[in-house]
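Here is the file target.cif (mmCIF, C-alpha atoms (C1' of nucleotides)).
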```cif
data_query
#
loop_
_atom_site.label_atom_id
_atom_site.label_comp_id
_atom_site.auth_asym_id
_atom_site.auth_seq_id
_atom_site.Cartn_x
_atom_site.Cartn_y
_atom_site.Cartn_z
CA MET A 1 8.43 51.25 25.01
CA ALA A 2 7.80 47.58 24.57
CA LYS A 3 4.88 46.60 22.47
CA LEU A 4 2.67 44.15 24.32
CA GLN A 5 -0.20 43.04 22.12
CA LYS A 6 1.91 41.17 19.61
CA SER A 7 4.08 39.61 22.31
CA ILE A 8 1.17 37.87 23.97
CA GLU A 9 -0.01 36.48 20.67
CA LYS A 10 3.40 35.07 19.87
CA ARG A 11 3.71 33.52 23.31
CA GLU A 12 0.34 31.88 22.92
CA ALA A 13 1.27 30.57 19.50
CA LEU A 14 4.43 29.07 20.97
CA VAL A 15 2.48 27.44 23.78
CA ARG A 16 -0.04 25.97 21.37
CA ALA A 17 2.67 24.68 19.05
CA THR A 18 4.53 23.10 21.95
CA ILE A 19 1.44 21.29 23.21
CA HIS A 20 0.59 19.97 19.78
CA LEU A 21 4.06 18.81 18.82
CA VAL A 22 4.90 17.31 22.20
CA ASN A 23 1.62 15.38 22.12
CA ASN A 24 2.47 13.90 18.75
CA SER A 25 6.18 13.26 19.07
CA GLY A 26 7.17 13.67 22.69
CA PHE A 27 9.31 16.34 24.28
CA HIS A 28 12.81 15.34 23.25
CA ALA A 29 11.75 14.37 19.75
CA THR A 30 10.38 17.85 19.15
CA PRO A 31 13.06 20.30 17.94
CA MET A 32 12.86 23.96 18.83
CA SER A 33 13.07 24.69 15.11
CA LYS A 34 9.80 22.83 14.55
CA ILE A 35 8.05 24.64 17.38
CA ALA A 36 9.26 27.93 15.92
CA LYS A 37 8.04 27.03 12.45
CA MET A 38 4.58 26.01 13.65
CA ALA A 39 4.29 29.26 15.64
CA ASN A 40 5.45 31.29 12.61
CA VAL A 41 8.45 32.60 14.45
CA SER A 42 12.20 32.38 14.20
CA PRO A 43 13.91 29.84 16.49
CA ALA A 44 15.81 32.68 18.13
CA THR A 45 12.54 34.37 19.08
CA ILE A 46 11.63 31.54 21.43
CA TYR A 47 14.52 32.62 23.61
CA LEU A 48 12.98 36.06 24.06
CA TYR A 49 10.01 34.43 25.78
CA PHE A 50 11.60 31.44 27.50
CA GLU A 51 15.03 30.77 28.94
CA ASN A 52 15.56 27.46 27.19
CA LYS A 53 13.74 24.33 26.11
CA GLN A 54 13.24 22.98 29.62
CA ASP A 55 11.90 26.31 30.82
CA LEU A 56 9.53 26.36 27.86
CA VAL A 57 8.00 23.03 28.71
CA ASN A 58 7.82 23.75 32.43
CA LYS A 59 6.00 27.01 31.78
CA VAL A 60 3.62 25.40 29.33
CA TYR A 61 2.87 22.71 31.90
CA LEU A 62 2.03 25.21 34.61
CA ASP A 63 -0.04 27.32 32.19
CA VAL A 64 -2.12 24.34 31.17
CA LYS A 65 -2.44 22.97 34.69
CA THR A 66 -3.69 26.34 35.89
CA LYS A 67 -6.21 26.58 33.08
CA PHE A 68 -7.38 23.08 33.97
CA THR A 69 -7.91 23.65 37.66
CA ASP A 70 -9.46 27.08 37.09
CA TYR A 71 -11.96 25.36 34.87
CA ALA A 72 -12.55 22.51 37.31
CA PHE A 73 -13.45 24.77 40.22
CA GLN A 74 -15.19 27.58 38.36
CA ASN A 75 -18.12 28.87 40.41
CA TYR A 76 -17.78 25.95 42.82
CA ASN A 77 -19.11 26.79 46.25
CA GLU A 78 -17.68 25.27 49.44
CA ASN A 79 -21.06 25.25 51.18
CA ILE A 80 -23.15 22.92 49.06
CA PRO A 81 -23.57 19.29 50.21
CA VAL A 82 -20.66 16.91 49.65
CA ALA A 83 -22.33 14.61 47.14
CA GLU A 84 -23.53 17.53 45.08
CA GLY A 85 -20.15 19.27 45.22
CA PHE A 86 -18.35 16.15 44.11
CA GLU A 87 -20.66 15.65 41.17
CA LYS A 88 -20.20 19.24 40.11
CA ILE A 89 -16.40 19.13 40.24
CA TRP A 90 -16.20 15.68 38.69
CA LYS A 91 -18.33 16.71 35.75
CA ARG A 92 -16.35 19.86 35.10
CA ILE A 93 -13.13 17.88 35.15
CA ALA A 94 -14.68 15.34 32.80
CA HIS A 95 -15.83 18.09 30.51
CA PHE A 96 -12.39 19.61 30.33
CA LYS A 97 -10.62 16.33 29.72
CA LEU A 98 -13.00 15.17 27.04
CA LYS A 99 -13.35 18.46 25.20
CA GLU A 100 -9.94 20.11 25.57
CA VAL A 101 -8.23 16.95 24.47
CA GLU A 102 -4.95 18.47 23.30
CA GLU A 103 -4.36 20.17 26.62
CA ALA A 104 -5.49 17.21 28.70
CA MET A 105 -3.27 14.84 26.72
CA PHE A 106 -0.35 17.13 27.32
CA LEU A 107 -0.96 17.05 31.07
CA ALA A 108 -1.21 13.27 31.02
CA GLN A 109 2.14 12.99 29.27
CA CYS A 110 3.75 15.42 31.71
CA ASP A 111 2.37 13.49 34.66
CA ASN A 112 3.68 10.15 33.40
CA THR A 113 7.19 10.94 32.24
CA PRO A 114 10.38 12.53 33.58
CA MET A 115 9.82 15.42 31.17
CA ILE A 116 8.87 17.96 33.86
CA ASP A 117 11.04 19.27 36.67
CA GLU A 118 10.04 18.00 40.09
CA PRO A 119 9.43 21.56 41.44
CA SER A 120 7.04 22.37 38.60
CA ARG A 121 5.23 19.12 39.27
CA GLN A 122 4.80 19.94 42.96
CA GLU A 123 3.55 23.39 42.07
CA GLY A 124 0.92 21.87 39.78
CA LEU A 125 -0.42 19.68 42.58
CA LYS A 126 -1.26 22.49 44.97
CA HIS A 127 -4.14 23.59 42.78
CA LEU A 128 -6.31 20.61 43.71
CA GLN A 129 -6.84 21.74 47.31
CA PRO A 130 -10.61 22.46 47.07
CA LEU A 131 -11.25 18.85 46.08
CA LEU A 132 -9.19 17.56 49.00
CA ASN A 133 -11.16 19.82 51.34
CA LEU A 134 -14.39 18.43 49.99
CA TRP A 135 -13.24 14.88 50.62
CA HIS A 136 -12.19 15.78 54.13
CA LYS A 137 -15.67 17.11 54.86
CA GLY A 138 -17.24 14.04 53.26
CA LYS A 139 -15.20 11.71 55.45
CA GLN A 140 -16.20 13.61 58.58
CA GLU A 141 -19.85 13.34 57.63
CA GLY A 142 -19.53 9.60 56.99
CA ILE A 143 -20.46 9.96 53.34
CA ILE A 144 -17.05 9.22 51.83
CA LYS A 145 -14.85 6.21 52.56
CA PRO A 146 -12.22 6.95 55.21
CA ILE A 147 -9.30 6.11 52.93
CA SER A 148 -6.25 7.94 51.60
CA ASP A 149 -6.82 10.89 49.26
CA TYR A 150 -4.52 9.17 46.80
CA LEU A 151 -6.89 6.22 46.68
CA LEU A 152 -9.90 8.49 46.28
CA TYR A 153 -8.15 10.30 43.45
CA ALA A 154 -6.98 7.10 41.77
CA TYR A 155 -10.51 5.73 41.62
CA SER A 156 -12.66 8.77 40.99
CA ILE A 157 -10.63 11.29 39.00
CA ASN A 158 -7.75 9.49 37.41
CA PRO A 159 -9.86 7.09 35.32
CA LEU A 160 -10.90 10.10 33.27
CA SER A 161 -7.35 10.42 31.98
CA PHE A 162 -7.42 6.88 30.74
CA LEU A 163 -10.76 7.37 29.04
CA MET A 164 -9.53 10.53 27.39
CA VAL A 165 -6.45 8.82 25.98
CA MET A 166 -8.58 5.96 24.64
CA GLN A 167 -10.95 8.46 23.07
CA GLN A 168 -8.06 10.36 21.52
CA ARG A 169 -6.65 7.14 20.06
CA GLY A 170 -10.04 6.52 18.47
CA VAL A 171 -10.64 3.15 20.13
CA PHE A 172 -13.46 4.40 22.33
CA LYS A 173 -16.09 7.13 22.05
CA ILE A 174 -17.78 8.47 25.16
CA ASP A 175 -21.29 9.93 24.86
CA GLN A 176 -23.72 11.43 27.39
CA ASP A 177 -24.74 7.97 28.65
CA GLY A 178 -21.12 6.90 28.95
CA LEU A 179 -20.35 10.02 30.92
CA GLU A 180 -23.17 9.27 33.34
CA GLU A 181 -21.99 5.67 33.74
CA ALA A 182 -18.46 6.88 34.36
CA TYR A 183 -19.68 9.31 36.97
CA GLN A 184 -21.64 6.57 38.69
CA ALA A 185 -18.60 4.29 38.77
CA ALA A 186 -16.52 7.10 40.22
CA TRP A 187 -19.06 7.81 42.93
CA ASP A 188 -19.61 4.12 43.68
CA SER A 189 -15.92 3.64 44.30
CA ILE A 190 -15.57 6.44 46.85
CA LYS A 191 -18.97 6.69 48.60
CA ILE A 192 -19.63 4.60 51.66
CA MET B 1 28.70 -22.05 15.57
CA ALA B 2 27.22 -19.14 17.44
CA LYS B 3 27.54 -19.14 21.17
CA LEU B 4 24.19 -18.64 22.84
CA GLN B 5 24.55 -18.52 26.61
CA LYS B 6 26.44 -15.28 26.76
CA SER B 7 24.20 -13.67 24.16
CA ILE B 8 21.11 -14.07 26.30
CA GLU B 9 22.84 -12.53 29.29
CA LYS B 10 23.92 -9.53 27.29
CA ARG B 11 20.47 -9.07 25.83
CA GLU B 12 18.95 -9.19 29.28
CA ALA B 13 21.46 -6.66 30.56
CA LEU B 14 20.53 -4.35 27.68
CA VAL B 15 16.84 -4.72 28.41
CA ARG B 16 17.35 -3.98 32.09
CA ALA B 17 19.51 -0.96 31.36
CA THR B 18 16.98 0.38 28.89
CA ILE B 19 14.11 0.09 31.35
CA HIS B 20 16.07 1.78 34.10
CA LEU B 21 17.42 4.65 32.04
CA VAL B 22 14.19 5.31 30.17
CA ASN B 23 12.32 5.43 33.47
CA ASN B 24 14.68 8.02 34.83
CA SER B 25 15.30 10.21 31.81
CA GLY B 26 12.80 9.26 29.13
CA PHE B 27 13.39 7.57 25.80
CA HIS B 28 14.89 10.34 23.71
CA ALA B 29 16.99 11.69 26.55
CA THR B 30 18.68 8.31 26.94
CA PRO B 31 21.68 7.87 24.63
CA MET B 32 22.60 4.49 23.26
CA SER B 33 26.07 5.04 24.67
CA LYS B 34 24.64 5.22 28.20
CA ILE B 35 22.58 2.08 27.74
CA ALA B 36 25.70 0.33 26.48
CA LYS B 37 27.76 1.53 29.41
CA MET B 38 25.20 0.42 31.97
CA ALA B 39 24.99 -3.00 30.32
CA ASN B 40 28.80 -3.28 30.22
CA VAL B 41 28.84 -3.52 26.48
CA SER B 42 30.12 -1.52 23.56
CA PRO B 43 27.59 0.73 21.79
CA ALA B 44 28.18 -1.22 18.61
CA THR B 45 27.16 -4.44 20.33
CA ILE B 46 23.60 -3.20 20.81
CA TYR B 47 23.23 -3.38 17.04
CA LEU B 48 23.97 -7.10 17.08
CA TYR B 49 20.85 -7.62 19.19
CA PHE B 50 18.53 -4.88 17.93
CA GLU B 51 18.10 -3.15 14.59
CA ASN B 52 18.17 0.37 15.98
CA LYS B 53 17.03 2.45 18.93
CA GLN B 54 13.33 2.32 18.04
CA ASP B 55 13.48 -1.44 17.57
CA LEU B 56 15.20 -1.74 20.95
CA VAL B 57 12.46 0.08 22.80
CA ASN B 58 9.66 -1.69 20.92
CA LYS B 59 11.14 -5.07 21.78
CA VAL B 60 11.67 -4.13 25.41
CA TYR B 61 8.06 -2.98 25.58
CA LEU B 62 6.73 -6.25 24.24
CA ASP B 63 9.04 -8.27 26.48
CA VAL B 64 7.84 -6.46 29.59
CA LYS B 65 4.19 -6.49 28.56
CA THR B 66 4.38 -10.23 28.02
CA LYS B 67 6.02 -10.78 31.38
CA PHE B 68 3.29 -8.66 32.97
CA THR B 69 0.33 -10.47 31.46
CA ASP B 70 1.91 -13.87 31.99
CA TYR B 71 2.16 -12.97 35.64
CA ALA B 72 -1.37 -11.58 35.80
CA PHE B 73 -3.02 -14.74 34.47
CA GLN B 74 -0.72 -17.35 35.97
CA ASN B 75 -2.75 -20.39 37.03
CA TYR B 76 -5.99 -18.50 36.47
CA ASN B 77 -8.85 -20.83 35.69
CA GLU B 78 -11.76 -19.82 33.44
CA ASN B 79 -14.26 -21.86 35.42
CA ILE B 80 -14.24 -20.28 38.85
CA PRO B 81 -17.02 -17.79 39.73
CA VAL B 82 -16.74 -14.30 38.28
CA ALA B 83 -16.26 -12.42 41.55
CA GLU B 84 -13.56 -14.80 42.65
CA GLY B 85 -11.81 -14.72 39.27
CA PHE B 86 -11.79 -10.95 39.24
CA GLU B 87 -10.30 -10.75 42.70
CA LYS B 88 -7.61 -13.22 41.76
CA ILE B 89 -6.59 -11.39 38.57
CA TRP B 90 -6.85 -7.96 40.20
CA LYS B 91 -4.60 -8.97 43.06
CA ARG B 92 -1.99 -10.47 40.79
CA ILE B 93 -1.94 -7.32 38.67
CA ALA B 94 -1.66 -5.24 41.83
CA HIS B 95 1.16 -7.41 43.08
CA PHE B 96 3.09 -7.02 39.86
CA LYS B 97 2.62 -3.27 39.67
CA LEU B 98 3.55 -2.64 43.27
CA LYS B 99 6.48 -5.03 43.46
CA GLU B 100 8.01 -4.93 39.97
CA VAL B 101 7.99 -1.16 40.02
CA GLU B 102 10.70 -0.58 37.43
CA GLU B 103 8.95 -2.69 34.85
CA ALA B 104 5.50 -1.36 35.64
CA MET B 105 6.72 2.23 35.46
CA PHE B 106 8.22 1.51 32.09
CA LEU B 107 4.88 0.20 30.81
CA ALA B 108 3.08 3.25 32.16
CA GLN B 109 5.44 5.55 30.32
CA CYS B 110 5.07 3.60 27.11
CA ASP B 111 1.30 3.68 27.38
CA ASN B 112 1.18 7.43 27.90
CA THR B 113 3.62 8.76 25.31
CA PRO B 114 4.24 8.51 21.56
CA MET B 115 7.40 6.55 22.34
CA ILE B 116 6.09 3.21 21.10
CA ASP B 117 5.05 2.29 17.54
CA GLU B 118 1.30 1.89 17.11
CA PRO B 119 1.67 -1.76 15.92
CA SER B 120 3.64 -2.71 19.01
CA ARG B 121 0.99 -1.04 21.17
CA GLN B 122 -1.81 -3.01 19.49
CA GLU B 123 0.15 -6.22 19.95
CA GLY B 124 0.49 -5.49 23.66
CA LEU B 125 -3.27 -5.12 24.08
CA LYS B 126 -4.20 -8.56 22.80
CA HIS B 127 -2.77 -10.16 25.92
CA LEU B 128 -5.63 -8.96 28.14
CA GLN B 129 -8.24 -11.19 26.53
CA PRO B 130 -8.87 -13.47 29.56
CA LEU B 131 -9.95 -10.48 31.63
CA LEU B 132 -12.34 -9.30 28.91
CA ASN B 133 -13.83 -12.78 28.75
CA LEU B 134 -14.37 -12.75 32.49
CA TRP B 135 -16.20 -9.43 32.30
CA HIS B 136 -18.36 -10.71 29.47
CA LYS B 137 -19.42 -13.65 31.59
CA GLY B 138 -20.03 -11.36 34.57
CA LYS B 139 -22.30 -9.10 32.52
CA GLN B 140 -24.33 -12.06 31.30
CA GLU B 141 -24.80 -13.24 34.85
CA GLY B 142 -25.90 -9.79 36.00
CA ILE B 143 -22.99 -9.45 38.41
CA ILE B 144 -21.01 -6.83 36.54
CA LYS B 145 -22.34 -3.50 35.26
CA PRO B 146 -23.35 -3.67 31.59
CA ILE B 147 -20.94 -0.95 30.50
CA SER B 148 -18.04 -0.67 28.07
CA ASP B 149 -14.91 -2.70 28.80
CA TYR B 150 -12.95 0.52 28.57
CA LEU B 151 -14.95 1.92 31.47
CA LEU B 152 -14.51 -1.26 33.47
CA TYR B 153 -10.77 -1.13 32.85
CA ALA B 154 -10.52 2.58 33.62
CA TYR B 155 -12.13 2.12 37.02
CA SER B 156 -10.86 -1.23 38.19
CA ILE B 157 -7.41 -1.80 36.72
CA ASN B 158 -6.02 1.52 35.65
CA PRO B 159 -6.07 3.14 39.09
CA LEU B 160 -3.29 0.75 40.05
CA SER B 161 -0.98 2.51 37.62
CA PHE B 162 -1.63 5.79 39.32
CA LEU B 163 -1.03 4.33 42.76
CA MET B 164 2.20 2.74 41.58
CA VAL B 165 3.51 6.03 40.21
CA MET B 166 2.66 7.80 43.46
CA GLN B 167 4.38 5.08 45.43
CA GLN B 168 7.44 5.28 43.21
CA ARG B 169 7.59 9.06 43.68
CA GLY B 170 7.55 8.48 47.42
CA VAL B 171 4.41 10.52 48.14
CA PHE B 172 2.31 7.50 49.05
CA LYS B 173 2.99 4.10 50.52
CA ILE B 174 0.52 1.27 50.06
CA ASP B 175 0.35 -1.49 52.69
CA GLN B 176 -1.81 -4.60 53.04
CA ASP B 177 -4.78 -2.57 54.31
CA GLY B 178 -4.42 -0.07 51.50
CA LEU B 179 -4.36 -2.89 49.00
CA GLU B 180 -7.57 -4.29 50.40
CA GLU B 181 -9.22 -0.86 50.29
CA ALA B 182 -8.07 -0.40 46.73
CA TYR B 183 -9.48 -3.76 45.76
CA GLN B 184 -12.80 -2.90 47.40
CA ALA B 185 -12.98 0.41 45.51
CA ALA B 186 -12.23 -1.40 42.27
CA TRP B 187 -14.92 -3.98 42.84
CA ASP B 188 -17.43 -1.38 44.05
CA SER B 189 -17.04 0.56 40.83
CA ILE B 190 -17.72 -2.35 38.50
CA LYS B 191 -20.11 -4.67 40.40
CA ILE B 192 -23.83 -4.13 40.09
"C1'" DA C 1 41.92 -21.47 11.51
"C1'" DA C 2 37.53 -19.86 10.05
"C1'" DA C 3 33.44 -17.73 11.61
"C1'" DA C 4 30.96 -15.12 14.90
"C1'" DA C 5 30.88 -11.63 18.42
"C1'" DA C 6 32.52 -7.67 20.38
"C1'" DA C 7 34.98 -3.54 20.71
"C1'" DG C 8 36.46 1.39 20.18
"C1'" DA C 9 36.95 4.94 17.13
"C1'" DA C 10 35.11 7.44 13.23
"C1'" DT C 11 31.27 9.64 10.64
"C1'" DG C 12 27.78 12.60 9.68
"C1'" DA C 13 23.41 14.46 10.81
"C1'" DA C 14 20.43 16.87 14.01
"C1'" DC C 15 19.79 20.12 17.24
"C1'" DA C 16 19.84 23.75 21.19
"C1'" DT C 17 21.55 27.98 21.67
"C1'" DT C 18 24.00 32.32 20.43
"C1'" DC C 19 25.44 36.04 17.33
"C1'" DA C 20 25.32 39.79 14.18
"C1'" DT C 21 22.05 42.26 11.66
"C1'" DT C 22 17.57 44.01 10.30
"C1'" DT C 23 12.89 45.46 11.33
"C1'" DT C 24 9.41 47.33 14.23
"C1'" DT C 25 7.78 50.18 17.87
"C1'" DA C 26 6.41 54.31 20.11
"C1'" DA C 27 8.07 58.47 22.50
"C1'" DT C 28 9.58 62.98 21.27
"C1'" DG C 29 10.19 67.33 18.91
"C1'" DT C 30 8.65 70.03 15.01
"C1'" DA D 1 0.16 65.18 11.39
"C1'" DC D 2 4.75 63.88 10.61
"C1'" DA D 3 9.76 62.85 10.82
"C1'" DT D 4 13.40 61.30 13.88
"C1'" DT D 5 15.52 58.18 16.74
"C1'" DA D 6 16.84 55.04 20.25
"C1'" DA D 7 15.32 51.02 22.30
"C1'" DA D 8 13.06 46.58 21.83
"C1'" DA D 9 11.83 42.67 19.14
"C1'" DA D 10 12.64 39.65 15.70
"C1'" DT D 11 15.31 37.27 12.41
"C1'" DG D 12 18.42 33.86 9.67
"C1'" DA D 13 22.69 32.10 9.80
"C1'" DA D 14 26.52 30.31 12.49
"C1'" DT D 15 28.46 27.48 16.33
"C1'" DG D 16 29.61 23.74 18.92
"C1'" DT D 17 27.90 19.64 20.91
"C1'" DT D 18 25.64 15.40 21.26
"C1'" DC D 19 24.40 11.22 19.56
"C1'" DA D 20 22.76 7.18 16.49
"C1'" DT D 21 24.89 4.37 13.55
"C1'" DT D 22 28.72 2.32 10.83
"C1'" DC D 23 33.46 0.88 9.99
"C1'" DT D 24 37.68 -1.41 10.90
"C1'" DT D 25 40.11 -4.11 13.95
"C1'" DT D 26 40.54 -7.31 17.74
"C1'" DT D 27 38.94 -11.07 20.55
"C1'" DT D 28 36.45 -15.16 21.37
"C1'" DT D 29 34.41 -19.37 20.09
"C1'" DT D 30 34.28 -23.98 18.36
#
```
Output the file's structure as structure tokens, nothing else.
Amino acid sequence: MAKLQKSIEKREALVRATIHLVNNSGFHATPMSKIAKMANVSPATIYLYFENKQDLVNKVYLDVKTKFTDYAFQNYNENIPVAEGFEKIWKRIAHFKLKEVEEAMFLAQCDNTPMIDEPSRQEGLKHLQPLLNLWHKGKQEGIIKPISDYLLYAYSINPLSFLMVMQQRGVFKIDQDGLEEAYQAAWDSIKI
Amino acid sequence: MAKLQKSIEKREALVRATIHLVNNSGFHATPMSKIAKMANVSPATIYLYFENKQDLVNKVYLDVKTKFTDYAFQNYNENIPVAEGFEKIWKRIAHFKLKEVEEAMFLAQCDNTPMIDEPSRQEGLKHLQPLLNLWHKGKQEGIIKPISDYLLYAYSINPLSFLMVMQQRGVFKIDQDGLEEAYQAAWDSIKI
DNA sequence: AAAAAAAGAATGAACATTCATTTTTAATGT
DNA sequence: ACATTAAAAATGAATGTTCATTCTTTTTTT
């Protein structure tokens, strides 16, 4: 029978190596041989876990995206008031992006380049539904501006990606105060 | 003596081809041979205009960044009121990003990947000084929130990049109303 | 006709993927 | 408990391709 324990470890090592190397050099500048070396594995072994290089990066993208959204909506409850729900989700997203920098950077790169297949990208988007529902409710109640979800996202959530990249590059450090200011700016831009 | 007219045309064709191909496939997935073909030039000719592939993309980045900031601050005047100045700059940036999509997409990719040399990136940043000065003045006058420039940028300017990418992907179309809503959200997030 | 520009073909290195072989695993019989 | 064994997992080396860059020759310019 197939062993399982070791397999999962190797897969995780490959995923971690991919994230790290792609962050630092980009997808096409990262050879499979380097990923293998960093994961302490032979290049051929990668092909036991993934079909090819493109499949590897697609799978890593979906893995990370899932981890991200799971984190964002953990013990979120549909029934609390809109303003409170938004603050809760926003702060969890902020926490993820500013603490799990490697993974968040990887997502940012995937979302801004042609590195990921369009189908995988679509798949990744579905996970944000609870936030869209919240906004819908907020608009109905007259609490949130009646504008496109894309605009709401651009002004309340997306700025966090920019701040994370700046923090990663070392040109900007966000502390508790900064986080609160950022939250306020996010809320100010979408509330009525 | 060296001819000059033709040279400039060829260089421009190379720059345009690079932007287009890098947008659609990414830097490392774009062969020099393809750039040459699209510019109607021999691969060897590229090396008369640029040292190598990295130099090519660095130069294209700085060219485009310069064109962008020149556009953003065209006939901007330091002496008009802060709110008015911000609106003027914001709208010019928006106009560039939503109309010159190819070039703006290229900048977004450069700013979110390890594709560009760090020195070239630094160089590109200097050009935003007039906007920083405006914010400084606005803070002194108590019109603009007394928070980090990075936060101000993240919430007022950066969202435009996201909207542009969404528009380019065809999932979102911004019209005159949308633009006005976006401007309002930007201003709401940074004004006191 | 000399110098510059351009071209196409050649070169050599890097890399994704596959292949042939070895090592590990765990189910089975003793 | 232990030895046996067939399947699965893993490996390092080999393969064939792609591509950046250079070289040699041709074309254009003045």
Can you list what the PyMOL selection byres ((chain D and resi 13) around 9) grabs from this structure, as an mmCIF file with C-alpha atoms (C1' of nucleotides), in the frame of the given file?
```cif
data_model
loop_
_atom_site.group_PDB
_atom_site.id
_atom_site.type_symbol
_atom_site.label_atom_id
_atom_site.label_comp_id
_atom_site.auth_asym_id
_atom_site.auth_seq_id
_atom_site.Cartn_x
_atom_site.Cartn_y
_atom_site.Cartn_z
ATOM 1 C "C1'" DC C 19 25.440 36.040 17.330
ATOM 2 C "C1'" DG D 12 18.420 33.860 9.670
ATOM 3 C "C1'" DA D 14 26.520 30.310 12.490
#
```
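From atom CA of Ile192 of chain A back to atom CA of Ile144 of chain B, the distance works out to 19.0 Å.
The residues returned by the PyMOL selection byres ((chain B and resi 151-155) around 7) on the shown structure are A:Tyr155, A:Pro159, A:Phe162, A:Leu163, A:Ala182, B:Ile147, B:Ser148, B:Asp149, B:Tyr150, B:Ser156, B:Ile157, B:Asn158, B:Pro159, B:Ala186, B:Ser189, B:Ile190.
Selection by the PyMOL selection byres ((chain B and resi 35) around 10) on the present file picks out Ala13, Leu14, Val15, Arg16, Ala17, Thr18, Ile19, His20, Leu21, Val22, Thr30, Pro31, Met32, Ser33, Lys34, Ala36, Lys37, Met38, Ala39, Asn40, Val41, Ser42, Pro43 and Ile46 of chain B.
Reported to one decimal place, the separation of atom CA of Glu103 of chain B from atom CA of Lys67 of chain B is 9.3 Å.
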For this session: Would you mind listing what lies within 10 Å of segment 7-18 of chain C as a ChimeraX atom specification, with all atoms listed in the file counted and same-chain residues fewer than 2 positions away left out?
Result: /A:30-33,43-44,47,52-53 /B:41-45 /C:5,20 /D:14-27
Exercise. So which residues touch DT22 of chain C within 12 Å, counting only C-alpha atoms (C1' of nucleotides), skipping near sequence neighbours fewer than 4 positions away, as an MDAnalysis selection string?
Worked result: chainID D and resid 9:12
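Interatomic distance, atom CA of Leu128 of chain A against atom CA of Ile143 of chain A: 20.2 Å.
Every polymer residue reaching to within 10 Å of (1.3, -9.5, 29.3), counting only C-alpha atoms (C1' of nucleotides), appears in this list: Leu62, Asp63, Val64, Lys65, Thr66, Lys67, Phe68, Thr69, Asp70, Tyr71, Ala72, Phe73, Glu123, Gly124, Leu125, Lys126, His127 and Leu128 of chain B.
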How big is the axis-aligned box, and where does its centre sit, when it encloses all atoms of segment 10-14 of chain C listed in the file and has 4 Å added on every side, reported in Å to one decimal as lines of an AutoDock Vina configuration file?
```
center_x = 27.8
center_y = 12.2
center_z = 11.8
size_x = 22.7
size_y = 17.4
size_z = 12.3
```
List the residues sitting within 8 Å of (-16.0, 12.2, 38.5) in the file's frame, using all atoms listed in the file, as a PDB file with C-alpha atoms, in the frame of the given file.
```pdb
ATOM      1  CA  PHE A  86     -18.350  16.150  44.110  1.00  0.00           C
ATOM      2  CA  GLU A  87     -20.660  15.650  41.170  1.00  0.00           C
ATOM      3  CA  ILE A  89     -16.400  19.130  40.240  1.00  0.00           C
ATOM      4  CA  TRP A  90     -16.200  15.680  38.690  1.00  0.00           C
ATOM      5  CA  LYS A  91     -18.330  16.710  35.750  1.00  0.00           C
ATOM      6  CA  ILE A  93     -13.130  17.880  35.150  1.00  0.00           C
ATOM      7  CA  ALA A  94     -14.680  15.340  32.800  1.00  0.00           C
ATOM      8  CA  SER A 156     -12.660   8.770  40.990  1.00  0.00           C
ATOM      9  CA  ILE A 157     -10.630  11.290  39.000  1.00  0.00           C
ATOM     10  CA  LEU A 160     -10.900  10.100  33.270  1.00  0.00           C
ATOM     11  CA  ALA A 182     -18.460   6.880  34.360  1.00  0.00           C
ATOM     12  CA  TYR A 183     -19.680   9.310  36.970  1.00  0.00           C
ATOM     13  CA  GLN A 184     -21.640   6.570  38.690  1.00  0.00           C
ATOM     14  CA  ALA A 186     -16.520   7.100  40.220  1.00  0.00           C
ATOM     15  CA  TRP A 187     -19.060   7.810  42.930  1.00  0.00           C
TER      16      TRP A 187
END
```
